[in-house]
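Below: the structure, in structure tokens.
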Amino acid sequence: MADLKIDKTVDARGAACPGPLMELIKTMKSEEVGTVIEILSSEKGTTVDAPAWLKKVGQELVRVEERGDHWSIVAKKIK
């Protein structure tokens, strides 16, 4: 997955839940199909909420990765 190209990164670190999820939703709606979006969040709850929302709306979860004091959630807009 080292060759994965992130098209847009949204830094939502420091935002309280559900802020990072709301940023993901807003970004997903505004981007073109095929866009790979990374959300950075310091809220552990985002690692549950974002994948659940992506599954619900039929978008692709690429990965969830812990990076020290925050998480990287990567999604691809597929429709």
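All residue names refer to the structure tokens as shown: chains lettered A, B, ... in order, residues numbered from 1 in each chain, ligands numbered from 1 in order.
By chain and then residue number, the residues within 8 Å of Ile73 (chain A) are A:Glu38, A:Ile39, A:Leu40, A:Ser41, A:Thr47, A:Ala50, A:Leu61, A:Val62, A:Arg63, A:Val64, A:Glu65, counting only C-alpha atoms and disregarding those fewer than 4 positions away in sequence.
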Could you go through region 2-79 of chain A and tell me which residues DSSP, when run on the backbone, assigns to alpha helix (DSSP H), listing them as a ChimeraX atom specification? /A:19-30,46-57
Go through A:Val57, A:Val48, A:Thr35, A:Thr9 and flag the residue nearest Glu23 (chain A), using only C-alpha atoms for the distances. A:Thr9
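A straight line drawn from CA of Lys29 (chain A) to CA of Asp3 (chain A) is 24.8 Å long.
Using only C-alpha atoms, the smallest distance between any of A:Pro51, A:Gly58, A:Gly45, A:Gly68 and Gly19 (chain A) comes from A:Gly45.
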Per-residue DSSP, region 1-74 of chain A, filtered to strand (DSSP E or B), as a VMD selection string: chain A and resid 8 to 11 36 to 41 60 to 67 70 to 74
Convert the current residue selection to file output with N, CA and C atoms, as a PDB file, in the first residue's frame.
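Result saved to again-v4.pdb:
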```
ATOM      1  N   LYS A   8      -6.397  13.997  -1.165  1.00  0.00           N
ATOM      2  CA  LYS A   8      -6.782  15.099  -0.273  1.00  0.00           C
ATOM      3  C   LYS A   8      -6.622  14.634   1.165  1.00  0.00           C
ATOM      4  N   THR A   9      -5.939  15.439   1.969  1.00  0.00           N
ATOM      5  CA  THR A   9      -5.794  15.166   3.403  1.00  0.00           C
ATOM      6  C   THR A   9      -6.511  16.253   4.174  1.00  0.00           C
ATOM      7  N   VAL A  10      -7.340  15.827   5.128  1.00  0.00           N
ATOM      8  CA  VAL A  10      -8.049  16.762   5.997  1.00  0.00           C
ATOM      9  C   VAL A  10      -7.537  16.529   7.414  1.00  0.00           C
ATOM     10  N   ASP A  11      -6.932  17.541   7.991  1.00  0.00           N
ATOM     11  CA  ASP A  11      -6.388  17.439   9.349  1.00  0.00           C
ATOM     12  C   ASP A  11      -7.461  17.862  10.344  1.00  0.00           C
ATOM     13  N   VAL A  36      -9.099   9.757  -3.369  1.00  0.00           N
ATOM     14  CA  VAL A  36      -8.671   9.089  -2.141  1.00  0.00           C
ATOM     15  C   VAL A  36      -8.480  10.178  -1.083  1.00  0.00           C
ATOM     16  N   ILE A  37      -9.219  10.036   0.015  1.00  0.00           N
ATOM     17  CA  ILE A  37      -9.273  11.056   1.065  1.00  0.00           C
ATOM     18  C   ILE A  37      -8.701  10.483   2.357  1.00  0.00           C
ATOM     19  N   GLU A  38      -7.848  11.264   2.994  1.00  0.00           N
ATOM     20  CA  GLU A  38      -7.289  10.877   4.289  1.00  0.00           C
ATOM     21  C   GLU A  38      -7.783  11.867   5.332  1.00  0.00           C
ATOM     22  N   ILE A  39      -8.313  11.336   6.422  1.00  0.00           N
ATOM     23  CA  ILE A  39      -8.723  12.168   7.552  1.00  0.00           C
ATOM     24  C   ILE A  39      -7.766  11.858   8.701  1.00  0.00           C
ATOM     25  N   LEU A  40      -7.182  12.890   9.278  1.00  0.00           N
ATOM     26  CA  LEU A  40      -6.337  12.731  10.458  1.00  0.00           C
ATOM     27  C   LEU A  40      -7.172  13.120  11.669  1.00  0.00           C
ATOM     28  N   SER A  41      -7.225  12.232  12.664  1.00  0.00           N
ATOM     29  CA  SER A  41      -8.069  12.480  13.831  1.00  0.00           C
ATOM     30  C   SER A  41      -7.367  12.040  15.104  1.00  0.00           C
ATOM     31  N   GLU A  60     -15.634   3.199  -0.081  1.00  0.00           N
ATOM     32  CA  GLU A  60     -14.585   2.232   0.236  1.00  0.00           C
ATOM     33  C   GLU A  60     -13.662   2.720   1.353  1.00  0.00           C
ATOM     34  N   LEU A  61     -13.531   1.888   2.390  1.00  0.00           N
ATOM     35  CA  LEU A  61     -12.539   2.129   3.429  1.00  0.00           C
ATOM     36  C   LEU A  61     -11.240   1.500   2.953  1.00  0.00           C
ATOM     37  N   VAL A  62     -10.194   2.298   2.842  1.00  0.00           N
ATOM     38  CA  VAL A  62      -8.899   1.792   2.379  1.00  0.00           C
ATOM     39  C   VAL A  62      -8.082   1.286   3.560  1.00  0.00           C
ATOM     40  N   ARG A  63      -7.980   2.112   4.611  1.00  0.00           N
ATOM     41  CA  ARG A  63      -7.235   1.669   5.798  1.00  0.00           C
ATOM     42  C   ARG A  63      -7.496   2.592   6.981  1.00  0.00           C
ATOM     43  N   VAL A  64      -7.243   2.037   8.161  1.00  0.00           N
ATOM     44  CA  VAL A  64      -7.229   2.802   9.408  1.00  0.00           C
ATOM     45  C   VAL A  64      -5.887   2.492  10.046  1.00  0.00           C
ATOM     46  N   GLU A  65      -5.145   3.535  10.373  1.00  0.00           N
ATOM     47  CA  GLU A  65      -3.782   3.337  10.867  1.00  0.00           C
ATOM     48  C   GLU A  65      -3.514   4.261  12.046  1.00  0.00           C
ATOM     49  N   GLU A  66      -3.001   3.694  13.130  1.00  0.00           N
ATOM     50  CA  GLU A  66      -2.625   4.510  14.283  1.00  0.00           C
ATOM     51  C   GLU A  66      -1.235   5.087  14.029  1.00  0.00           C
ATOM     52  N   ARG A  67      -1.080   6.369  14.296  1.00  0.00           N
ATOM     53  CA  ARG A  67       0.198   7.060  14.093  1.00  0.00           C
ATOM     54  C   ARG A  67       0.570   7.834  15.353  1.00  0.00           C
ATOM     55  N   HIS A  70      -2.366  10.090  16.950  1.00  0.00           N
ATOM     56  CA  HIS A  70      -3.563  10.277  16.117  1.00  0.00           C
ATOM     57  C   HIS A  70      -3.736   9.083  15.169  1.00  0.00           C
ATOM     58  N   TRP A  71      -4.847   9.097  14.453  1.00  0.00           N
ATOM     59  CA  TRP A  71      -5.161   8.040  13.493  1.00  0.00           C
ATOM     60  C   TRP A  71      -5.298   8.640  12.098  1.00  0.00           C
ATOM     61  N   SER A  72      -4.980   7.808  11.128  1.00  0.00           N
ATOM     62  CA  SER A  72      -5.181   8.153   9.726  1.00  0.00           C
ATOM     63  C   SER A  72      -6.257   7.219   9.196  1.00  0.00           C
ATOM     64  N   ILE A  73      -7.344   7.781   8.704  1.00  0.00           N
ATOM     65  CA  ILE A  73      -8.417   7.000   8.099  1.00  0.00           C
ATOM     66  C   ILE A  73      -8.434   7.385   6.619  1.00  0.00           C
ATOM     67  N   VAL A  74      -8.245   6.391   5.754  1.00  0.00           N
ATOM     68  CA  VAL A  74      -8.174   6.649   4.317  1.00  0.00           C
ATOM     69  C   VAL A  74      -9.371   5.991   3.649  1.00  0.00           C
TER      70      VAL A  74
END
```
Contacts of Asp49 (chain A) at 10 Å or less, counting only C-alpha atoms, minus same-chain residues fewer than 4 places along, as a ChimeraX atom specification? /A:17-18,20-21,44-45,53-54
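Here CA of Ala52 (chain A) stands at a distance of 12.2 Å from CA of Leu24 (chain A).
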Long-range neighbours of Lys79 (chain A) as an mmCIF file with C-alpha atoms, in the first residue's frame, 9 Å cut-off, only C-alpha atoms, 2 positions minimum in chain:
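Below you can see around-v3.cif, which holds the result:
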```cif
data_model
loop_
_atom_site.group_PDB
_atom_site.id
_atom_site.type_symbol
_atom_site.label_atom_id
_atom_site.label_comp_id
_atom_site.auth_asym_id
_atom_site.auth_seq_id
_atom_site.Cartn_x
_atom_site.Cartn_y
_atom_site.Cartn_z
ATOM 1 C CA GLU A 32 -15.032 13.566 -7.534
ATOM 2 C CA VAL A 33 -15.472 9.788 -7.824
ATOM 3 C CA GLY A 34 -12.072 8.122 -7.556
ATOM 4 C CA GLY A 58 -21.301 2.376 0.045
ATOM 5 C CA GLN A 59 -17.904 4.061 -0.080
ATOM 6 C CA LYS A 77 -15.002 7.769 -3.173
#
```
